$ cat entry_25.tsv   # TSV, C-alpha atoms and all ligand atoms
chain	number	residue	atom	x	y	z
R	1	MET	CA	-6.31	-14.25	10.47
R	2	ALA	CA	-7.25	-12.26	13.52
R	3	VAL	CA	-7.40	-8.49	13.33
R	4	PRO	CA	-3.86	-7.74	14.53
R	5	LEU	CA	-4.64	-5.42	17.36
R	6	SER	CA	-3.88	-7.41	20.45
R	7	SER	CA	-3.58	-4.67	23.04
R	8	PRO	CA	-6.75	-3.03	24.37
R	9	LEU	CA	-7.72	0.11	22.52
R	10	TRP	CA	-9.49	2.88	24.34
R	11	PRO	CA	-12.36	4.46	22.47
R	12	GLN	CA	-11.54	7.90	23.80
R	13	TYR	CA	-8.31	7.87	21.78
R	14	CYS	CA	-9.98	7.08	18.48
R	15	VAL	CA	-10.77	9.82	16.01
R	16	ARG	CA	-12.63	9.20	12.77
R	17	TRP	CA	-11.35	11.31	9.98
R	18	GLY	CA	-10.69	11.80	6.31
R	19	LEU	CA	-7.40	9.91	6.25
R	20	ARG	CA	-4.87	12.58	5.39
R	21	LEU	CA	-5.29	14.91	8.32
R	22	LEU	CA	-2.86	13.51	10.86
R	23	PHE	CA	0.17	14.37	8.77
R	24	GLN	CA	-1.00	17.95	8.64
R	25	VAL	CA	-1.70	18.30	12.33
R	26	CYS	CA	1.39	16.88	13.98
R	27	ALA	CA	3.49	19.61	12.53
R	28	CYS	CA	1.78	22.13	14.75
R	29	SER	CA	0.24	20.11	17.55
R	30	ASN	CA	1.98	21.94	20.34
R	31	PRO	CA	-0.04	25.10	21.00
R	32	ALA	CA	2.75	26.74	22.97
R	33	CYS	CA	5.06	26.25	20.06
R	34	ARG	CA	2.51	27.64	17.66
R	35	VAL	CA	1.88	30.75	19.72
R	36	LEU	CA	5.55	31.39	20.18
R	37	LEU	CA	6.25	30.99	16.53
R	38	ARG	CA	3.35	33.22	15.54
R	39	ASP	CA	4.22	35.93	18.03
R	40	LEU	CA	7.80	36.09	16.99
R	41	SER	CA	6.84	35.88	13.29
R	42	PHE	CA	9.22	33.07	12.57
R	43	SER	CA	7.83	32.64	9.09
R	44	PHE	CA	11.15	31.49	7.72
R	45	LEU	CA	11.20	28.38	9.85
R	46	ILE	CA	11.05	25.24	7.74
R	47	GLU	CA	9.42	22.31	9.47
R	48	ALA	CA	9.67	18.80	8.20
R	49	PHE	CA	8.97	15.13	8.73
R	50	LEU	CA	11.40	12.37	8.00
R	51	ILE	CA	10.16	9.69	5.65
R	52	PRO	CA	11.98	6.63	4.33
R	53	ALA	CA	12.12	6.77	0.53
R	54	PRO	CA	10.85	5.29	-1.72
R	55	TYR	CA	7.42	6.19	-0.32
R	56	TYR	CA	3.84	6.66	-1.49
R	57	GLY	CA	4.42	9.99	-3.22
R	58	ALA	CA	1.07	11.67	-2.51
R	59	ILE	CA	2.18	12.19	1.10
R	60	THR	CA	4.29	15.09	-0.13
R	61	GLN	CA	1.12	17.05	-0.87
R	62	HIS	CA	-0.75	15.71	2.16
R	63	VAL	CA	1.71	17.28	4.56
R	64	TYR	CA	2.36	20.42	2.57
R	65	LEU	CA	-1.12	21.64	1.67
R	66	TYR	CA	-2.43	22.32	5.18
R	67	GLY	CA	0.64	22.04	7.33
R	68	ASN	CA	3.23	23.70	5.09
R	69	VAL	CA	5.46	20.85	6.18
R	70	ARG	CA	8.20	19.45	3.97
R	71	LEU	CA	9.45	15.91	3.82
R	72	VAL	CA	13.07	14.98	4.43
R	73	CYS	CA	13.80	11.73	2.66
R	74	VAL	CA	15.69	8.97	4.39
R	75	TYR	CA	17.01	7.44	1.20
R	76	LEU	CA	17.11	3.68	1.02
R	77	ASP	CA	18.86	1.73	-1.70
R	78	SER	CA	18.82	-1.71	-3.21
R	79	GLU	CA	22.28	-2.68	-2.05
R	80	VAL	CA	22.41	-5.63	0.31
R	81	THR	CA	25.26	-5.07	2.71
R	82	GLY	CA	25.22	-8.21	4.83
R	83	LEU	CA	23.62	-11.57	5.49
R	84	GLU	CA	20.96	-10.11	7.74
R	85	THR	CA	20.07	-7.22	5.47
R	86	ARG	CA	17.52	-6.83	2.71
R	87	PRO	CA	17.21	-4.35	-0.17
R	88	PHE	CA	15.81	-0.93	0.79
R	89	GLN	CA	16.11	-1.73	4.47
R	90	LEU	CA	15.53	1.11	6.89
R	91	THR	CA	18.12	1.43	9.65
R	92	VAL	CA	18.53	3.78	12.59
R	93	GLU	CA	21.87	4.91	11.14
R	94	LYS	CA	20.08	6.10	8.01
R	95	LEU	CA	17.50	7.92	10.12
R	96	GLU	CA	20.23	9.58	12.17
R	97	MET	CA	22.08	10.67	9.04
R	98	ALA	CA	19.00	12.19	7.44
R	99	LEU	CA	18.10	14.00	10.67
R	100	LYS	CA	21.58	15.36	11.04
R	101	GLY	CA	21.61	16.53	7.43
R	102	ALA	CA	18.28	18.30	7.85
R	103	ASN	CA	19.34	19.99	11.09
R	104	SER	CA	22.55	21.19	9.53
R	105	GLU	CA	20.50	22.91	6.81
R	106	GLY	CA	18.33	24.65	9.36
R	107	VAL	CA	15.33	22.40	8.89
R	108	LYS	CA	13.40	21.63	12.06
R	109	VAL	CA	12.36	17.98	11.95
R	110	LYS	CA	9.25	17.35	14.04
R	111	GLY	CA	8.16	13.90	13.05
R	112	LEU	CA	8.79	10.62	11.33
R	113	ILE	CA	6.32	8.96	8.98
R	114	LEU	CA	6.43	5.18	8.74
R	115	ILE	CA	4.28	3.22	6.33
R	116	ASN	CA	3.78	-0.35	7.48
R	117	PRO	CA	3.21	-2.42	5.36
R	118	GLN	CA	5.23	-0.20	3.12
R	119	ASN	CA	4.07	1.30	-0.16
R	120	PRO	CA	5.71	0.74	-2.72
R	121	LEU	CA	8.10	-1.84	-1.25
R	122	GLY	CA	5.51	-4.23	0.18
R	123	ASP	CA	7.93	-4.47	3.10
R	124	VAL	CA	6.86	-5.14	6.69
R	125	TYR	CA	8.72	-3.96	9.79
R	126	SER	CA	9.37	-6.52	12.52
R	127	PRO	CA	8.44	-5.60	16.13
R	128	GLY	CA	12.17	-5.24	16.87
R	129	GLU	CA	12.68	-2.84	13.98
R	130	LEU	CA	9.62	-0.83	14.96
R	131	GLN	CA	10.93	-0.52	18.51
R	132	GLU	CA	14.29	0.70	17.19
R	133	TYR	CA	12.67	3.37	15.04
R	134	LEU	CA	10.41	4.50	17.89
R	135	LYS	CA	13.36	4.68	20.27
R	136	PHE	CA	15.29	6.71	17.72
R	137	ALA	CA	12.37	9.13	17.48
R	138	LYS	CA	12.30	9.62	21.23
R	139	ARG	CA	16.04	9.47	21.77
R	140	GLN	CA	17.96	11.71	24.00
R	141	LYS	CA	21.09	12.43	22.07
R	142	LYS	CA	24.47	13.38	23.44
R	143	GLY	CA	24.37	16.66	25.33
R	144	VAL	CA	22.65	17.38	28.59
R	145	PRO	CA	18.93	17.89	28.27
R	146	GLY	CA	17.68	21.21	29.48
R	147	LYS	CA	21.07	22.88	29.34
R	148	ASN	CA	22.56	25.02	26.69
R	149	LYS	CA	25.99	24.60	25.22
R	150	PHE	CA	27.41	26.63	28.08
R	151	GLY	CA	25.93	24.09	30.49
R	152	ASN	CA	23.49	26.57	32.06
R	153	PRO	CA	19.77	26.28	32.41
R	154	GLY	CA	17.83	29.45	31.56
R	155	LEU	CA	17.64	31.68	28.53
R	156	ASP	CA	21.08	32.81	27.51
R	157	ARG	CA	22.67	34.62	24.65
R	158	GLY	CA	25.29	32.87	22.63
R	159	PRO	CA	28.38	34.53	21.26
R	160	SER	CA	26.50	35.55	18.13
R	161	GLY	CA	23.96	37.46	20.21
R	162	PHE	CA	21.17	35.04	19.20
R	163	LEU	CA	18.86	33.75	21.84
R	164	ILE	CA	19.68	30.17	22.69
R	165	HIS	CA	16.99	27.81	23.80
R	166	CYS	CA	17.84	26.13	27.07
R	167	HIS	CA	15.12	26.20	29.73
R	168	PRO	CA	14.59	22.69	31.14
R	169	THR	CA	10.80	22.70	30.92
R	170	LEU	CA	10.23	25.31	28.27
R	171	GLY	CA	12.52	23.20	26.19
R	172	ASP	CA	9.69	20.76	25.61
R	173	ALA	CA	7.34	23.42	24.37
R	174	PHE	CA	9.51	25.88	22.49
R	175	ASP	CA	11.59	24.91	19.53
R	176	LEU	CA	13.52	27.91	18.39
R	177	PRO	CA	14.23	28.04	14.69
R	178	ALA	CA	17.64	27.24	13.43
R	179	LYS	CA	18.08	30.74	12.02
R	180	LEU	CA	18.06	32.18	15.51
R	181	SER	CA	20.07	29.41	16.98
R	182	PRO	CA	22.78	27.61	15.00
R	183	PRO	CA	22.10	23.93	14.39
R	184	HIS	CA	24.51	22.71	17.04
R	185	ASP	CA	22.59	24.69	19.62
R	186	LEU	CA	19.28	22.99	18.91
R	187	PRO	CA	17.83	20.86	21.71
R	188	SER	CA	19.69	17.60	22.01
R	189	ARG	CA	16.66	15.33	22.20
R	190	HIS	CA	14.81	14.23	19.08
R	191	GLU	CA	11.30	13.90	20.48
R	192	LEU	CA	9.80	13.27	17.09
R	193	HIS	CA	6.18	12.41	16.59
R	194	VAL	CA	5.89	9.07	14.81
R	195	MET	CA	2.95	8.65	12.48
R	196	VAL	CA	2.49	5.05	11.48
R	197	ASP	CA	0.37	4.65	8.40
R	198	GLU	CA	-1.04	1.11	8.58
R	199	VAL	CA	-3.51	1.47	5.77
R	200	TYR	CA	-2.47	-1.96	4.40
R	201	MET	CA	-2.38	-3.71	7.76
R	202	LEU	CA	-4.99	-6.35	6.90
R	203	SER	CA	-3.54	-6.96	3.45
R	204	VAL	CA	-0.61	-9.09	4.60
R	205	PHE	CA	-1.35	-12.24	2.65
R	206	GLU	CA	1.89	-14.18	3.35
R	207	GLU	CA	1.36	-15.83	6.71
R	208	SER	CA	5.06	-16.35	7.36
R	209	VAL	CA	5.56	-12.58	7.35
R	210	GLY	CA	3.93	-12.19	10.78
R	211	TYR	CA	2.66	-8.64	10.77
R	212	HIS	CA	2.60	-6.59	13.97
R	213	SER	CA	0.77	-3.31	14.30
R	214	VAL	CA	2.57	-0.60	16.26
R	215	LEU	CA	-0.34	-0.82	18.71
R	216	SER	CA	0.46	-4.44	19.46
R	217	LEU	CA	3.92	-3.64	20.80
R	218	GLU	CA	4.46	-4.44	24.48
R	219	ARG	CA	5.52	-0.91	25.34
R	220	LEU	CA	5.65	2.22	23.29
R	221	PRO	CA	8.76	4.28	24.03
R	222	ASP	CA	6.80	7.53	23.66
R	223	PRO	CA	3.02	6.90	23.65
R	224	GLN	CA	2.22	10.62	23.53
R	225	ARG	CA	4.11	10.99	20.27
R	226	THR	CA	3.09	7.74	18.60
R	227	HIS	CA	0.04	7.89	16.36
R	228	MET	CA	-1.41	5.18	14.20
R	229	MET	CA	-3.81	5.48	11.34
R	230	TRP	CA	-5.83	3.07	9.31
R	231	ALA	CA	-8.60	3.28	6.75
R	232	THR	CA	-10.94	0.99	4.90
R	233	SER	CA	-9.56	2.22	1.56
R	234	LYS	CA	-7.18	-0.65	0.94
R	235	ASP	CA	-8.06	-3.52	3.25
R	236	PHE	CA	-11.74	-3.33	2.32
R	237	GLY	CA	-11.31	-1.85	-1.15
R	238	MET	CA	-13.42	1.17	-0.17
R	239	SER	CA	-11.28	4.13	-1.08
R	240	GLY	CA	-14.30	6.08	-2.28
R	241	LEU	CA	-15.96	6.12	1.15
R	242	ARG	CA	-13.15	8.26	2.60
R	243	PHE	CA	-13.32	6.54	5.96
R	244	GLY	CA	-10.20	6.62	8.10
R	245	THR	CA	-9.27	6.38	11.76
R	246	LEU	CA	-6.58	7.81	13.93
R	247	TYR	CA	-5.48	6.28	17.22
R	248	THR	CA	-3.56	8.64	19.44
R	249	GLU	CA	-3.20	9.10	23.18
R	250	ASN	CA	-2.15	12.69	22.65
R	251	GLN	CA	-5.10	14.91	23.51
R	252	ASP	CA	-3.67	17.92	21.66
R	253	VAL	CA	-3.37	15.93	18.45
R	254	ALA	CA	-6.82	14.38	18.88
R	255	THR	CA	-8.38	17.79	19.49
R	256	ALA	CA	-6.61	19.36	16.52
R	257	VAL	CA	-7.64	16.55	14.19
R	258	SER	CA	-11.20	16.56	15.52
R	259	SER	CA	-11.55	20.26	14.84
R	260	LEU	CA	-10.38	19.78	11.24
R	261	CYS	CA	-12.89	16.93	10.90
R	262	ARG	CA	-15.46	19.69	10.53
R	263	TYR	CA	-14.26	19.89	6.92
R	264	HIS	CA	-13.67	16.18	6.43
R	265	GLY	CA	-16.64	14.73	8.24
R	266	LEU	CA	-18.41	11.52	7.44
R	267	SER	CA	-22.12	11.37	6.88
R	268	GLY	CA	-24.24	9.55	9.41
R	269	LEU	CA	-25.03	6.96	6.75
R	270	VAL	CA	-21.36	6.14	6.18
R	271	GLN	CA	-20.71	6.00	9.91
R	272	TYR	CA	-23.61	3.62	10.35
R	273	GLN	CA	-22.43	1.36	7.51
R	274	MET	CA	-18.89	1.33	8.81
R	275	ALA	CA	-20.06	0.43	12.29
R	276	GLN	CA	-22.10	-2.45	10.87
R	277	LEU	CA	-19.15	-3.70	8.86
R	278	LEU	CA	-16.47	-3.44	11.52
R	279	ARG	CA	-18.70	-4.88	14.23
R	280	ASP	CA	-18.97	-8.16	12.33
R	281	ARG	CA	-15.66	-9.58	13.50
R	282	ASP	CA	-16.60	-13.19	12.71
R	283	TRP	CA	-17.35	-12.42	9.08
R	284	ILE	CA	-14.18	-10.29	8.78
R	285	ASN	CA	-11.90	-12.88	10.34
R	286	GLN	CA	-13.45	-16.07	9.06
R	287	VAL	CA	-14.82	-15.16	5.66
R	288	TYR	CA	-13.59	-11.87	4.28
R	289	LEU	CA	-9.90	-11.79	5.21
R	290	PRO	CA	-9.10	-15.44	4.35
R	291	GLU	CA	-10.73	-15.01	0.94
R	292	ASN	CA	-9.06	-11.66	0.34
R	293	HIS	CA	-5.66	-13.04	1.31
R	294	ALA	CA	-6.09	-16.13	-0.86
R	295	ARG	CA	-6.90	-13.96	-3.87
R	296	LEU	CA	-4.03	-11.57	-3.22
R	297	LYS	CA	-1.67	-14.49	-2.81
R	298	ALA	CA	-2.81	-16.16	-6.04
R	299	ALA	CA	-2.41	-12.91	-7.99
R	300	HIS	CA	0.98	-12.27	-6.40
R	301	THR	CA	2.17	-15.80	-7.18
R	302	TYR	CA	1.12	-15.46	-10.81
R	303	VAL	CA	2.86	-12.12	-11.36
R	304	SER	CA	6.01	-13.03	-9.47
R	305	GLU	CA	6.35	-16.27	-11.46
R	306	GLU	CA	5.98	-14.32	-14.68
R	307	LEU	CA	8.66	-11.88	-13.54
R	308	ARG	CA	10.98	-14.73	-12.62
R	309	ALA	CA	10.43	-16.30	-16.04
R	310	LEU	CA	11.42	-12.96	-17.60
R	311	GLY	CA	14.53	-12.82	-15.43
R	312	ILE	CA	13.39	-9.61	-13.76
R	313	PRO	CA	14.47	-9.09	-10.15
R	314	PHE	CA	11.91	-7.68	-7.75
R	315	VAL	CA	11.27	-6.89	-4.10
R	316	SER	CA	8.15	-8.13	-2.38
R	317	ARG	CA	7.47	-9.71	0.98
R	318	GLY	CA	3.85	-10.69	0.75
R	319	ALA	CA	2.01	-7.58	1.84
R	320	GLY	CA	0.11	-4.88	0.00
R	321	PHE	CA	-1.00	-4.82	-3.61
R	322	PHE	CA	2.27	-4.25	-5.43
R	323	ILE	CA	5.65	-5.59	-6.40
R	324	TRP	CA	8.68	-3.32	-6.60
R	325	VAL	CA	10.28	-4.30	-9.88
R	326	ASP	CA	13.90	-3.74	-10.89
R	327	LEU	CA	13.98	-2.76	-14.57
R	328	ARG	CA	17.35	-1.05	-14.39
R	329	LYS	CA	18.84	-3.33	-17.00
R	330	TYR	CA	16.31	-2.04	-19.53
R	331	LEU	CA	17.54	1.55	-19.25
R	332	PRO	CA	20.23	2.41	-21.82
R	333	ALA	CA	21.59	4.87	-19.23
R	334	ALA	CA	20.87	5.06	-15.51
R	335	THR	CA	18.90	8.30	-15.63
R	336	PHE	CA	15.40	9.39	-14.71
R	337	GLU	CA	14.92	10.55	-18.31
R	338	GLU	CA	15.41	6.96	-19.47
R	339	GLU	CA	13.13	5.74	-16.70
R	340	MET	CA	10.44	8.12	-17.97
R	341	LEU	CA	10.97	6.94	-21.57
R	342	LEU	CA	10.47	3.33	-20.50
R	343	TRP	CA	7.36	4.31	-18.52
R	344	ARG	CA	6.08	6.06	-21.66
R	345	ARG	CA	6.66	2.90	-23.73
R	346	PHE	CA	4.59	0.91	-21.24
R	347	LEU	CA	1.85	3.52	-21.41
R	348	ASP	CA	1.88	3.57	-25.22
R	349	ASN	CA	1.35	-0.17	-25.01
R	350	LYS	CA	-1.53	0.14	-22.54
R	351	VAL	CA	0.23	-0.77	-19.33
R	352	LEU	CA	0.20	1.74	-16.51
R	353	LEU	CA	3.06	1.18	-14.09
R	354	SER	CA	4.32	3.76	-11.61
R	355	PHE	CA	7.92	4.86	-12.06
R	356	GLY	CA	10.34	5.02	-9.15
R	357	GLN	CA	10.93	8.75	-9.28
R	358	ALA	CA	7.29	9.28	-8.28
R	359	PHE	CA	8.21	7.58	-5.01
R	360	GLU	CA	11.43	9.56	-4.59
R	361	CYS	CA	13.47	6.45	-5.32
R	362	LYS	CA	17.02	7.60	-5.89
R	363	GLU	CA	17.94	4.72	-8.24
R	364	PRO	CA	16.46	5.14	-11.74
R	365	GLY	CA	14.83	2.02	-13.16
R	366	TRP	CA	12.53	0.80	-10.39
R	367	PHE	CA	8.81	0.49	-11.10
R	368	ARG	CA	5.78	-0.37	-8.97
R	369	LEU	CA	3.57	-3.05	-10.45
R	370	VAL	CA	0.11	-3.46	-8.92
R	371	PHE	CA	-1.07	-7.08	-9.00
R	372	SER	CA	-4.38	-6.91	-7.13
R	373	ASP	CA	-6.58	-7.63	-10.12
R	374	LYS	CA	-8.42	-10.41	-11.90
R	375	THR	CA	-6.38	-13.22	-13.47
R	376	HIS	CA	-7.37	-12.52	-17.08
R	377	ARG	CA	-6.34	-8.88	-16.77
R	378	LEU	CA	-3.07	-9.78	-15.09
R	379	ARG	CA	-2.35	-12.22	-17.91
R	380	LEU	CA	-2.97	-9.55	-20.53
R	381	GLY	CA	-0.94	-7.01	-18.57
R	382	MET	CA	2.01	-9.34	-18.23
R	383	GLN	CA	1.90	-10.15	-21.96
R	384	ARG	CA	2.14	-6.44	-22.67
R	385	VAL	CA	4.96	-5.98	-20.19
R	386	ARG	CA	6.85	-8.83	-21.83
R	387	ARG	CA	6.44	-7.38	-25.30
R	388	VAL	CA	7.53	-3.92	-24.27
R	389	LEU	CA	10.64	-5.31	-22.61
R	390	GLU	CA	11.37	-7.45	-25.65
R	391	GLY	CA	11.14	-4.30	-27.75
R	392	LYS	CA	7.99	-5.31	-29.65
R	393	SER	CA	4.94	-3.13	-30.05
R	394	GLN	CA	1.89	-5.23	-29.50
R	395	VAL	CA	-1.35	-3.37	-29.04
R	396	ALA	CA	-2.94	-4.71	-32.25
R	397	GLU	CA	-2.11	-8.31	-31.28
R	398	ASP	CA	-3.85	-8.18	-27.91
R	399	ALA	CA	-6.98	-10.10	-27.25
R	400	PRO	CA	-9.88	-7.79	-26.43
R	401	SER	CA	-10.13	-7.05	-22.70
R	402	CYS	CA	-13.25	-8.19	-20.90
R	501	LIG	C1	0.44	4.25	2.32
R	501	LIG	C2	-0.80	4.97	1.93
R	501	LIG	N1	-1.36	5.84	2.79
R	501	LIG	C3	-2.48	6.52	2.48
R	501	LIG	C4	-3.08	6.34	1.26
R	501	LIG	C5	-4.31	7.15	0.96
R	501	LIG	O1	-5.44	6.44	1.26
R	501	LIG	P1	-6.89	7.10	1.07
R	501	LIG	O2	-7.35	6.65	-0.27
R	501	LIG	O3	-7.70	6.52	2.19
R	501	LIG	O4	-6.73	8.57	1.17
R	501	LIG	C6	-2.55	5.46	0.32
R	501	LIG	C7	-3.17	5.27	-0.99
R	501	LIG	O5	-2.62	4.69	-1.91
R	501	LIG	C8	-1.38	4.75	0.67
R	501	LIG	O6	-0.80	3.89	-0.18
$ encode --input "entry_25.tsv" --output "structure tokens"
Amino acid sequence: MAVPLSSPLWPQYCVRWGLRLLFQVCACSNPACRVLLRDLSFSFLIEAFLIPAPYYGAITQHVYLYGNVRLVCVYLDSEVTGLETRPFQLTVEKLEMALKGANSEGVKVKGLILINPQNPLGDVYSPGELQEYLKFAKRQKKGVPGKNKFGNPGLDRGPSGFLIHCHPTLGDAFDLPAKLSPPHDLPSRHELHVMVDEVYMLSVFEESVGYHSVLSLERLPDPQRTHMMWATSKDFGMSGLRFGTLYTENQDVATAVSSLCRYHGLSGLVQYQMAQLLRDRDWINQVYLPENHARLKAAHTYVSEELRALGIPFVSRGAGFFIWVDLRKYLPAATFEEEMLLWRRFLDNKVLLSFGQAFECKEPGWFRLVFSDKTHRLRLGMQRVRRVLEGKSQVAEDAPSC
């Protein structure tokens, strides 16, 4: 499989980094906004990113620790509502609803995080879906841009005496907090940064899935607010090296991330090794990726057949290292307490699964099962899963692991 970046990439837009920084920077990438907020001491402003849930839960800390940014979940559920729909499908309607809800609570949403391929769903967005989400992020909503609710450009006072943001050009730079300006007075355009986490982009092992990076799209609706990141952690199994990349055409974001790289830099040795590795396109495309995909596919086939034999429904589309497993029928009651008890039973029987609540899944009973392992360990793991679900304790009966 070819490395799925078909459009030319310009080296000046690439930033090497310790992977988690982008989330922290986009929240405050507009210097004018930062200065305004600081000068006016708007410390009560809550800024947030939208994120479809379930999602890789560690992002909550990634955005909060440096950026003080919260996440607003766009909750997805397992219900299939039509022929063309799939479980946990992200739609623009759901994005709109979550954004509206956040705005009405005075939360200023500044970005959207997309994980593609998705963790924990193993889902992959089509180019059409990606375009829809990007257009949503840029969208100019109803209302006249650059005018306040009285239809005038300029800085006005509303009936409450609060300053209402309305200048046509300042509008891009200054986002007044909801506390000063009621939610319905907020600027009518979304203009969200979109951060696409493609850390599993080369781990799409099902060829029919047809993965497309956001950078391979014909046209980006808002190139200045579209940022893509990738790392060797998953696709090359090198999490320990802490090597990641950001591709952005936004100079402010690139500069901000670069300055934080001072604390997350890579040694010259690592940079040299990475350059050697990534330069060898022939080996990557002809040797490494085919072998990696074949192994992932074999492991996935084994685990999914075992799950089918157990009558356990699951979601998986052939990307990533995990299967999103529906164990709701094994919960005596549909609560997160019961989900935790089941997780505990797995753990007591030497199986470590991740429970849905850790991914902000709103339906108790979903678990993430990682399958990217050797066959003999998968076999042992699935035996243990089976025994737990059949209500038998089994540790003593297990063959020794090797
Ligand atoms: C979607 C996603 N993004 C980022 C990361 C973090 O990767 P790293 O180990 O490079 O920090 C993970 C790790 O599981 C992940 O699943």
$ residues_near_ligand --input "entry_25.tsv" --ligand "ligand LIG 501 (chain R)" --cutoff "7 Å" --atoms "only C-alpha atoms and all ligand atoms" --output "MDAnalysis selection string"
chainID R and resid 19:20 56 115 118:119 197 199 231:233 239 242:244
$ residues_around --input "entry_25.tsv" --residues "R:Cys73" --least-positions-apart "3" --cutoff "9 Å" --atoms "only C-alpha atoms" --output "count of residues only"
10
$ atom_distance --input "entry_25.tsv" --atom1 "atom CA of R:Arg308" --atom2 "atom CA of R:Ala294"
20.8 Å
$ atom_distance --input "entry_25.tsv" --atom1 "atom CA of R:Pro127" --atom2 "atom CA of R:Leu217"
6.8 Å
$ closest_residue --input "entry_25.tsv" --among "R:His212, R:His264, R:Arg281, R:Lys108" --to "R:Glu191" --atoms "all atoms listed in the file"
R:Lys108
$ closest_residue --input "entry_25.tsv" --among "R:Ala299, R:Leu130, R:Ala333, R:Leu342" --to "R:Ser216" --atoms "all atoms listed in the file"
R:Leu130
$ closest_residue --input "entry_25.tsv" --among "R:Cys361, R:Leu296, R:Leu202, R:Val196" --to "R:Tyr247" --atoms "only C-alpha atoms"
R:Val196
$ atom_distance --input "entry_25.tsv" --atom1 "atom CA of R:Asn116" --atom2 "atom CA of R:Tyr211"
9.0 Å
